[in-house]
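Below: start-v3.txt (compact mmCIF, C-alpha atoms and all ligand atoms)
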# COMPACT_ATOMS: atom_id res chain seq x y z
CA MET A 1 -9.01 17.13 6.02
CA ARG A 2 -6.14 14.86 7.13
CA ILE A 3 -6.57 11.42 5.64
CA GLY A 4 -4.89 8.06 6.29
CA ILE A 5 -4.81 5.45 3.53
CA VAL A 6 -4.73 1.78 4.47
CA GLY A 7 -3.81 -0.49 1.55
CA TYR A 8 -1.64 1.22 -1.05
CA GLY A 9 -2.57 -0.86 -4.11
CA ARG A 10 -4.73 0.06 -7.12
CA MET A 11 -7.39 1.82 -5.03
CA GLY A 12 -5.01 3.26 -2.42
CA HIS A 13 -2.94 5.02 -5.10
CA LEU A 14 -6.07 6.51 -6.70
CA ILE A 15 -7.47 7.65 -3.33
CA GLU A 16 -4.14 9.38 -2.62
CA SER A 17 -4.11 11.27 -5.90
CA LEU A 18 -7.79 12.34 -5.74
CA ALA A 19 -7.48 13.34 -2.06
CA ARG A 20 -4.47 15.55 -2.88
CA GLN A 21 -6.41 17.10 -5.81
CA LYS A 22 -9.12 18.05 -3.28
CA GLY A 23 -6.47 19.79 -1.17
CA TRP A 24 -6.60 17.14 1.61
CA LYS A 25 -3.43 16.20 3.50
CA VAL A 26 -2.36 12.55 3.23
CA VAL A 27 -0.83 12.02 6.69
CA ALA A 28 -0.43 8.22 6.77
CA ILE A 29 -0.12 5.44 4.19
CA ILE A 30 -0.08 1.91 5.58
CA ASP A 31 0.85 -1.14 3.54
CA PRO A 32 2.76 -4.24 4.70
CA VAL A 33 4.44 -4.99 1.37
CA MET A 34 4.11 -2.15 -1.18
CA ASP A 35 7.60 -0.99 -2.13
CA SER A 36 7.18 2.81 -2.13
CA PRO A 37 8.75 5.74 -0.27
CA SER A 38 5.21 7.10 0.27
CA VAL A 39 4.39 4.27 2.71
CA THR A 40 4.65 5.70 6.25
CA ALA A 41 4.18 2.43 8.21
CA ARG A 42 3.89 -1.30 7.58
CA THR A 43 1.22 -1.98 10.24
CA LEU A 44 -1.61 -0.12 11.94
CA SER A 45 -0.84 1.45 15.32
CA ALA A 46 -2.17 4.37 17.36
CA SER A 47 1.06 6.29 16.76
CA ALA A 48 1.05 5.67 12.99
CA MET A 49 -2.54 7.00 12.74
CA LYS A 50 -2.43 9.78 15.35
CA GLU A 51 -2.81 12.67 12.87
CA CYS A 52 -5.71 11.17 10.88
CA ASP A 53 -9.16 12.79 10.86
CA VAL A 54 -10.37 9.86 8.78
CA VAL A 55 -9.08 6.61 7.30
CA VAL A 56 -9.91 5.04 3.93
CA ASP A 57 -9.26 1.29 3.84
CA PHE A 58 -8.91 -0.62 0.56
CA SER A 59 -6.68 -3.44 1.79
CA SER A 60 -7.30 -7.19 1.83
CA PRO A 61 -10.18 -9.51 2.79
CA GLU A 62 -7.89 -11.16 5.39
CA SER A 63 -7.05 -7.89 7.18
CA ALA A 64 -10.42 -6.12 6.96
CA VAL A 65 -12.02 -7.27 10.23
CA ASP A 66 -8.94 -6.63 12.40
CA ASN A 67 -8.54 -3.24 10.76
CA ILE A 68 -12.18 -2.24 11.41
CA LEU A 69 -11.92 -3.30 15.06
CA PHE A 70 -8.72 -1.23 15.35
CA TYR A 71 -10.47 1.91 13.97
CA ALA A 72 -13.39 1.30 16.35
CA ARG A 73 -11.11 0.92 19.40
CA GLU A 74 -9.03 3.97 18.49
CA ASP A 75 -12.16 6.01 17.58
CA ILE A 76 -10.88 6.88 14.10
CA PRO A 77 -13.71 7.52 11.59
CA ALA A 78 -13.21 5.02 8.76
CA VAL A 79 -14.40 4.22 5.24
CA ILE A 80 -14.17 0.50 4.51
CA GLY A 81 -14.04 -0.30 0.79
CA THR A 82 -12.36 -3.67 1.32
CA THR A 83 -14.56 -6.64 0.38
CA GLY A 84 -14.55 -10.35 1.24
CA TRP A 85 -15.40 -10.05 4.97
CA HIS A 86 -19.16 -9.43 4.94
CA GLU A 87 -20.02 -12.89 6.32
CA ARG A 88 -18.67 -11.51 9.66
CA LEU A 89 -20.88 -8.41 9.49
CA ASP A 90 -22.98 -9.14 12.61
CA GLU A 91 -19.97 -9.76 14.83
CA VAL A 92 -18.22 -6.62 13.55
CA ARG A 93 -21.37 -4.49 13.93
CA ALA A 94 -21.70 -5.54 17.59
CA GLN A 95 -18.16 -4.45 18.38
CA VAL A 96 -18.43 -1.19 16.43
CA ASP A 97 -21.66 -0.36 18.32
CA GLU A 98 -20.05 -1.24 21.65
CA ASN A 99 -17.22 1.23 20.94
CA ARG A 100 -19.59 3.96 19.68
CA ALA A 101 -17.35 4.22 16.61
CA ALA A 102 -17.87 5.84 13.19
CA ILE A 103 -17.57 3.38 10.30
CA ILE A 104 -19.08 3.38 6.81
CA TYR A 105 -18.68 0.33 4.57
CA SER A 106 -19.85 -0.72 1.13
CA GLY A 107 -18.94 -3.44 -1.33
CA ASN A 108 -19.06 -0.65 -3.92
CA PHE A 109 -18.74 3.10 -3.30
CA SER A 110 -19.69 4.12 -6.84
CA ILE A 111 -22.83 6.27 -7.00
CA GLY A 112 -23.73 4.56 -10.31
CA VAL A 113 -23.75 1.17 -8.59
CA HIS A 114 -25.88 2.59 -5.78
CA LEU A 115 -28.41 3.64 -8.46
CA PHE A 116 -28.04 0.28 -10.22
CA VAL A 117 -28.89 -1.67 -7.05
CA SER A 118 -32.02 0.50 -6.60
CA ILE A 119 -33.02 -0.28 -10.20
CA VAL A 120 -32.43 -4.02 -9.62
CA ARG A 121 -34.50 -3.88 -6.41
CA HIS A 122 -37.38 -2.31 -8.33
CA ALA A 123 -37.04 -4.80 -11.22
CA ALA A 124 -36.98 -7.70 -8.71
CA ARG A 125 -40.26 -6.49 -7.18
CA LEU A 126 -41.85 -6.55 -10.65
CA ILE A 127 -40.39 -9.97 -11.50
CA ASP A 128 -41.70 -11.38 -8.21
CA GLY A 129 -45.21 -11.31 -9.70
CA PHE A 130 -44.23 -13.33 -12.80
CA ASP A 131 -43.25 -16.91 -11.92
CA ASP A 132 -41.97 -17.63 -15.43
CA TYR A 133 -38.90 -15.48 -14.84
CA ASP A 134 -35.75 -17.02 -13.38
CA ALA A 135 -32.76 -14.89 -12.25
CA LEU A 136 -28.95 -14.91 -12.30
CA VAL A 137 -26.20 -12.46 -11.26
CA SER A 138 -22.87 -12.37 -13.09
CA GLU A 139 -19.75 -10.35 -12.34
CA LEU A 140 -16.54 -9.79 -14.32
CA HIS A 141 -13.38 -8.29 -12.85
CA HIS A 142 -9.67 -7.95 -13.60
CA ALA A 143 -7.41 -10.95 -13.11
CA GLY A 144 -5.77 -9.37 -10.03
CA LYS A 145 -8.91 -9.41 -7.87
CA ALA A 146 -8.34 -11.42 -4.69
CA ASP A 147 -11.91 -12.41 -3.77
CA SER A 148 -15.01 -13.83 -5.40
CA PRO A 149 -17.85 -13.30 -5.70
CA SER A 150 -17.43 -9.53 -5.69
CA GLY A 151 -18.90 -7.58 -2.78
CA THR A 152 -21.08 -5.80 -5.33
CA ALA A 153 -22.49 -9.08 -6.67
CA LEU A 154 -23.49 -10.06 -3.13
CA MET A 155 -25.23 -6.68 -2.65
CA ILE A 156 -27.11 -7.23 -5.92
CA ALA A 157 -28.00 -10.80 -4.89
CA THR A 158 -29.41 -9.48 -1.60
CA ALA A 159 -31.53 -6.94 -3.50
CA ILE A 160 -33.00 -9.80 -5.56
CA MET A 161 -33.45 -12.24 -2.66
CA ASP A 162 -35.21 -9.59 -0.56
CA ASN A 163 -37.79 -9.05 -3.31
CA VAL A 164 -38.25 -12.30 -5.28
CA LYS A 165 -39.94 -14.67 -2.81
CA ARG A 166 -39.20 -17.83 -4.83
CA LYS A 167 -35.43 -17.25 -4.49
CA LYS A 168 -34.34 -18.48 -1.06
CA HIS A 169 -30.58 -19.31 -1.28
CA VAL A 170 -27.54 -17.80 -3.00
CA GLU A 171 -25.25 -20.32 -4.77
CA THR A 172 -21.80 -18.96 -5.63
CA GLY A 173 -20.01 -22.21 -6.48
CA ARG A 174 -19.42 -24.21 -9.62
CA LEU A 175 -22.45 -26.40 -10.26
CA ASP A 176 -21.88 -30.10 -10.90
CA ARG A 177 -25.62 -30.68 -10.54
CA MET A 178 -28.92 -29.14 -11.58
CA ARG A 179 -29.65 -25.81 -9.96
CA ALA A 180 -32.68 -25.83 -7.66
CA ALA A 181 -35.57 -23.46 -8.44
CA ASP A 182 -35.13 -21.56 -5.17
CA GLU A 183 -31.40 -20.93 -5.73
CA LEU A 184 -29.99 -17.69 -7.13
CA HIS A 185 -26.77 -18.48 -8.99
CA VAL A 186 -24.01 -15.81 -8.74
CA VAL A 187 -21.21 -16.42 -11.24
CA SER A 188 -17.75 -14.81 -11.33
CA GLY A 189 -15.25 -14.36 -14.17
CA ARG A 190 -11.73 -12.93 -14.01
CA VAL A 191 -10.16 -11.45 -17.14
CA GLY A 192 -7.56 -8.82 -18.06
CA SER A 193 -8.11 -5.37 -16.53
CA VAL A 194 -11.93 -5.10 -16.29
CA PRO A 195 -12.62 -2.61 -13.43
CA GLY A 196 -16.03 -4.16 -12.68
CA THR A 197 -19.04 -5.31 -14.73
CA HIS A 198 -22.21 -6.62 -13.07
CA THR A 199 -25.17 -8.08 -14.95
CA VAL A 200 -28.55 -9.29 -13.75
CA ILE A 201 -30.43 -11.66 -16.05
CA PHE A 202 -34.15 -12.32 -15.73
CA ASP A 203 -34.99 -15.15 -18.10
CA SER A 204 -38.36 -16.60 -19.15
CA PRO A 205 -39.27 -19.17 -21.84
CA ALA A 206 -40.18 -16.24 -24.12
CA ASP A 207 -37.42 -13.69 -23.56
CA THR A 208 -34.46 -12.40 -21.55
CA LEU A 209 -34.12 -9.13 -19.63
CA GLU A 210 -30.54 -7.98 -18.95
CA LEU A 211 -29.49 -5.12 -16.67
CA THR A 212 -25.80 -4.21 -16.68
CA HIS A 213 -23.59 -1.77 -14.80
CA ARG A 214 -20.17 -1.40 -16.42
CA ALA A 215 -17.52 0.69 -14.64
CA ARG A 216 -15.18 2.46 -17.09
CA SER A 217 -12.47 2.99 -14.49
CA ARG A 218 -11.92 2.90 -10.70
CA GLU A 219 -12.60 6.64 -10.37
CA GLY A 220 -16.30 6.17 -9.51
CA PHE A 221 -15.34 3.94 -6.55
CA ALA A 222 -12.71 6.43 -5.34
CA TYR A 223 -14.91 9.55 -5.65
CA GLY A 224 -17.67 7.81 -3.68
CA ALA A 225 -15.20 6.69 -1.00
CA LEU A 226 -13.90 10.26 -0.57
CA ALA A 227 -17.47 11.60 -0.31
CA ALA A 228 -18.04 8.96 2.37
CA ALA A 229 -14.82 10.04 4.15
CA GLN A 230 -16.12 13.61 4.40
CA TRP A 231 -19.52 12.35 5.65
CA ILE A 232 -18.20 9.93 8.29
CA ALA A 233 -15.64 12.43 9.66
CA ASP A 234 -18.45 14.84 10.50
CA GLY A 235 -18.85 13.66 14.10
CA ARG A 236 -21.64 11.10 13.56
CA LYS A 237 -21.33 7.71 15.31
CA GLY A 238 -22.54 4.34 14.08
CA PHE A 239 -21.98 1.53 11.59
CA PHE A 240 -23.27 2.87 8.30
CA THR A 241 -23.60 1.72 4.70
CA LEU A 242 -23.45 3.84 1.57
CA ASP A 243 -27.29 3.57 1.47
CA ASP A 244 -27.45 5.42 4.83
CA MET A 245 -25.27 8.21 3.42
CA MET A 246 -27.23 8.48 0.18
CA GLY A 247 -30.52 8.41 2.10
CA ALA A 248 -29.29 11.24 4.28
N1 LIG B 1 -15.93 -0.84 -2.23
C1 LIG B 1 -15.47 -0.45 -3.43
O1 LIG B 1 -15.99 0.47 -4.06
C2 LIG B 1 -14.26 -1.15 -3.98
C3 LIG B 1 -13.70 -0.75 -5.20
C4 LIG B 1 -12.53 -1.37 -5.62
C5 LIG B 1 -11.94 -2.34 -4.83
N2 LIG B 1 -12.55 -2.72 -3.69
C6 LIG B 1 -11.94 -3.67 -2.76
O2 LIG B 1 -10.81 -3.06 -2.15
C7 LIG B 1 -9.83 -4.03 -1.88
C8 LIG B 1 -8.50 -3.60 -2.49
O3 LIG B 1 -8.64 -3.52 -3.90
P1 LIG B 1 -7.38 -3.11 -4.81
O4 LIG B 1 -7.79 -3.35 -6.21
O5 LIG B 1 -6.83 -1.77 -4.39
O6 LIG B 1 -6.35 -4.27 -4.36
P2 LIG B 1 -4.76 -4.27 -4.47
O7 LIG B 1 -4.36 -5.70 -4.36
O8 LIG B 1 -4.30 -3.48 -5.65
O9 LIG B 1 -4.29 -3.47 -3.16
C9 LIG B 1 -4.48 -3.94 -1.85
C10 LIG B 1 -3.28 -3.46 -1.04
O10 LIG B 1 -3.56 -3.73 0.34
C11 LIG B 1 -2.35 -4.12 0.95
N3 LIG B 1 -2.61 -4.82 2.19
C12 LIG B 1 -2.75 -6.16 2.41
N4 LIG B 1 -2.92 -6.37 3.73
C13 LIG B 1 -2.89 -5.16 4.34
C14 LIG B 1 -3.01 -4.73 5.69
N5 LIG B 1 -3.17 -5.58 6.71
N6 LIG B 1 -2.92 -3.39 5.96
C15 LIG B 1 -2.75 -2.51 4.96
N7 LIG B 1 -2.61 -2.86 3.66
C16 LIG B 1 -2.70 -4.17 3.36
C17 LIG B 1 -1.65 -4.97 -0.12
O11 LIG B 1 -0.26 -5.05 0.14
C18 LIG B 1 -1.98 -4.18 -1.39
O12 LIG B 1 -0.97 -3.24 -1.69
C19 LIG B 1 -10.39 -5.35 -2.38
O13 LIG B 1 -11.04 -6.01 -1.32
C20 LIG B 1 -11.42 -4.92 -3.41
O14 LIG B 1 -12.44 -5.86 -3.61
C21 LIG B 1 -13.68 -2.15 -3.25
O1 LIG B 2 -11.47 -4.38 -8.22
C1 LIG B 2 -12.11 -4.84 -7.25
O2 LIG B 2 -11.61 -5.68 -6.47
C2 LIG B 2 -13.49 -4.38 -7.00
N1 LIG B 2 -14.06 -4.77 -5.89
C3 LIG B 2 -15.37 -4.41 -5.45
C4 LIG B 2 -16.24 -5.63 -5.30
O3 LIG B 2 -15.75 -6.68 -4.84
O4 LIG B 2 -17.43 -5.55 -5.61
C5 LIG B 2 -15.99 -3.30 -6.25
C6 LIG B 2 -15.65 -3.37 -7.71
C7 LIG B 2 -14.15 -3.45 -7.94
I need this file expressed as structure tokens, please.
Ligand SMILES: NC(=O)c1ccc[n+]([C@@H]2O[C@H](COP(=O)([O-])OP(=O)(O)OC[C@H]3O[C@@H](n4cnc5c(N)ncnc54)[C@H](O)[C@@H]3O)[C@@H](O)[C@H]2O)c1
Ligand SMILES: O=C(O)C1=N[C@H](C(=O)O)CCC1
Amino acid sequence: MRIGIVGYGRMGHLIESLARQKGWKVVAIIDPVMDSPSVTARTLSASAMKECDVVVDFSSPESAVDNILFYAREDIPAVIGTTGWHERLDEVRAQVDENRAAIIYSGNFSIGVHLFVSIVRHAARLIDGFDDYDALVSELHHAGKADSPSGTALMIATAIMDNVKRKKHVETGRLDRMRAADELHVVSGRVGSVPGTHTVIFDSPADTLELTHRARSREGFAYGALAAAQWIADGRKGFFTLDDMMGA
């Protein structure tokens, strides 16, 4: 497999080293600012990516949409790990479908988080029948993270909102007021080098239920992204999520 890496930061470096361990060829590394001789180009172009069978993108929230539309236009199968752009999902999906492209995206490519979201979905269905229980999502990440809330926290919030009928809106801001009963508060903290901790709290007057996923390193994200790279480069077309891949 010949892989291109877009964004050569914390995740890009790890993807490179795990891809090489698998015997894949790293044929392009794109980053506008990273000072490294491994970087092959500063910007995306057809010529910079011409040898790639697949691209793995862990870049920045600001560049994600333009990058995805580039992969779609150039018909390069792509794994999008970058977060912070999901509010433009519908617009991006329409263009990807129009180009009959091959894209898989997820706010979190770790298999453990995929399982965690399934567990939360199931727990939310149970909690839906017990009005005494309120809910909250919290996420902690390293101080260098550029976006909040995390893409994972938004996936978890969706799993709760889809299943707890009394929760109708997600609130991600600081609250200088009382929280309404139909709001699901998603809170973010940034500290040190935490790779990613997500907690769901279901709280009643009598007790508290806490579900936590705690990543020990970034390896889980990178392994999942490389599995997705193999899957998306297989000739399939469409705009997929990690759930589609796991379901298949
Ligand atoms: N989906 C997942 O499993 C998962 C896991 C970890 C991180 N992430 C997300 O991946 C992204 C990157 O995370 P990170 O910790 O590696 O960040 P990072 O800041 O360490 O690295 C990002 C790199 O992207 C580069 N970049 C910026 N604009 C670019 C562009 N237009 N083209 C190419 N490169 C560009 C930056 O120069 C930087 O080197 C974030 O959005 C983060 O939330 C997702
Ligand atoms: O380190 C990051 O940045 C992470 N981003 C993803 C998110 O926003 O959920 C996944 C966890 C790590």
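CA of Gln21 in chain A lies 22.4 Å from atom N7 of ligand LIG 1 (chain B).
Going from CA of Ala123 in chain A over to atom O14 of ligand LIG 1 (chain B), you cover 25.8 Å.
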- Task: May I have the residues within 8 Å of ligand LIG 2 (chain B), computed using only C-alpha atoms and all ligand atoms, as a PyMOL selection string?
- Result: chain A and resi 81-84+107-109+141-142+144-154+195-196+218+221
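Taking all atoms listed in the file into account, ligand LIG 1 (chain B) lies nearest to A:Thr241 out of the set A:Ser138, A:Ser118, A:Thr241, A:Ser47.
What separates CA of Ala124 in chain A from CA of Leu89 in chain A is a distance of 24.3 Å.
When only C-alpha atoms are used to measure the gap to Ala222 in chain A, the shortest distance among A:Asp207, A:Asp57, A:Asp243, A:Asp31 belongs to A:Asp57.
Proximity ranking of A:Met161, A:Ile3, A:Ile29, A:Met34 relative to ligand LIG 1 (chain B) places A:Met34 first, based on only C-alpha atoms and all ligand atoms.
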- Task: Find the spatial neighbours of range 35-46 of chain A, counting all atoms listed in the file, within a cut-off of 10 Å - ignore same-chain residues fewer than 6 positions away - and output them as an NGL selection string.
- Result: :A and (4-8 or 13 or 26-29 or 66-67 or 70-71 or 73-74 or 76)
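Proximity to Ala19 in chain A at 12 Å, evaluated using all atoms listed in the file and with sequence-adjacent residues fewer than 4 positions away removed, yields Met1, Arg2, Ile3, Gly4, Ile5, Met11, Gly12, His13, Leu14, Ile15, Gly23, Trp24, Lys25, Val26, Val27, Val54, Val55, Val56, Glu219, Ala222, Tyr223, Gly224, Ala225, Leu226, Ala227, Ala229 and Gln230 of chain A.
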- Message: Using only C-alpha atoms, list the residues that have an atom at most 9 Å from (-6.4, -7.0, -19.1), coordinates as in the file, as number ranges by chain.
- Response: A: 142-143, 191-194
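If only C-alpha atoms and all ligand atoms are the atoms counted, then among A:Gly112, A:Pro77, A:Gly235, A:Pro205 the closest residue to ligand LIG 1 (chain B) is A:Gly112.
The shell of residues at most 12 Å from Gln95 in chain A, with all atoms listed in the file counted and near chain neighbours (fewer than 2 positions) removed, consists of Val65, Asp66, Ile68, Leu69, Phe70, Tyr71, Ala72, Arg73, Arg88, Leu89, Asp90, Glu91, Val92, Arg93, Asp97, Glu98, Asn99, Arg100, Ala101, Ala102, Ile103, Gly238 and Phe239 of chain A.
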- With all atoms listed in the file as the atoms that count, which of A:Asp132, A:Trp231, A:Arg177, A:Ile119 lies nearest to Met245 in chain A? A:Trp231
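Proximity to Val120 in chain A was assessed for A:Arg10, A:Glu210, A:Arg20, A:Leu175 counting all atoms listed in the file; the smallest distance is recorded for A:Glu210.
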Around range 78-94 of chain A, fit a box with edges along x, y and z, padding it by 8 Å on each side, then list its centre and edge lengths in Å to one decimal as lines of an AutoDock Vina configuration file.
center_x = -17.7
center_y = -3.9
center_z = 9.0
size_x = 26.6
size_y = 33.9
size_z = 33.2
As an mmCIF file, keeping the file's coordinate frame, the rebuilt range 104-116 of chain A with N, CA and C atoms:
data_model
loop_
_atom_site.group_PDB
_atom_site.id
_atom_site.type_symbol
_atom_site.label_atom_id
_atom_site.label_comp_id
_atom_site.auth_asym_id
_atom_site.auth_seq_id
_atom_site.Cartn_x
_atom_site.Cartn_y
_atom_site.Cartn_z
ATOM 1 N N ILE A 104 -18.186 3.577 7.951
ATOM 2 C CA ILE A 104 -19.080 3.380 6.810
ATOM 3 C C ILE A 104 -18.431 2.363 5.878
ATOM 4 N N TYR A 105 -19.231 1.369 5.449
ATOM 5 C CA TYR A 105 -18.680 0.330 4.570
ATOM 6 C C TYR A 105 -19.616 0.154 3.373
ATOM 7 N N SER A 106 -19.030 -0.297 2.271
ATOM 8 C CA SER A 106 -19.850 -0.720 1.130
ATOM 9 C C SER A 106 -19.003 -1.619 0.243
ATOM 10 N N GLY A 107 -19.628 -2.601 -0.342
ATOM 11 C CA GLY A 107 -18.940 -3.440 -1.330
ATOM 12 C C GLY A 107 -18.659 -2.656 -2.597
ATOM 13 N N ASN A 108 -19.315 -1.487 -2.733
ATOM 14 C CA ASN A 108 -19.060 -0.650 -3.920
ATOM 15 C C ASN A 108 -19.444 0.788 -3.592
ATOM 16 N N PHE A 109 -18.477 1.696 -3.651
ATOM 17 C CA PHE A 109 -18.740 3.100 -3.300
ATOM 18 C C PHE A 109 -19.135 3.953 -4.493
ATOM 19 N N SER A 110 -19.313 3.326 -5.670
ATOM 20 C CA SER A 110 -19.690 4.120 -6.840
ATOM 21 C C SER A 110 -21.165 4.518 -6.758
ATOM 22 N N ILE A 111 -21.446 5.777 -7.055
ATOM 23 C CA ILE A 111 -22.830 6.270 -7.000
ATOM 24 C C ILE A 111 -23.654 5.552 -8.091
ATOM 25 N N GLY A 112 -23.025 5.267 -9.231
ATOM 26 C CA GLY A 112 -23.730 4.560 -10.310
ATOM 27 C C GLY A 112 -24.182 3.174 -9.865
ATOM 28 N N VAL A 113 -23.350 2.487 -9.076
ATOM 29 C CA VAL A 113 -23.750 1.170 -8.590
ATOM 30 C C VAL A 113 -24.860 1.304 -7.550
ATOM 31 N N HIS A 114 -24.783 2.356 -6.738
ATOM 32 C CA HIS A 114 -25.880 2.590 -5.780
ATOM 33 C C HIS A 114 -27.207 2.717 -6.545
ATOM 34 N N LEU A 115 -27.192 3.490 -7.640
ATOM 35 C CA LEU A 115 -28.410 3.640 -8.460
ATOM 36 C C LEU A 115 -28.799 2.303 -9.085
ATOM 37 N N PHE A 116 -27.783 1.571 -9.566
ATOM 38 C CA PHE A 116 -28.040 0.280 -10.220
ATOM 39 C C PHE A 116 -28.740 -0.689 -9.263
#
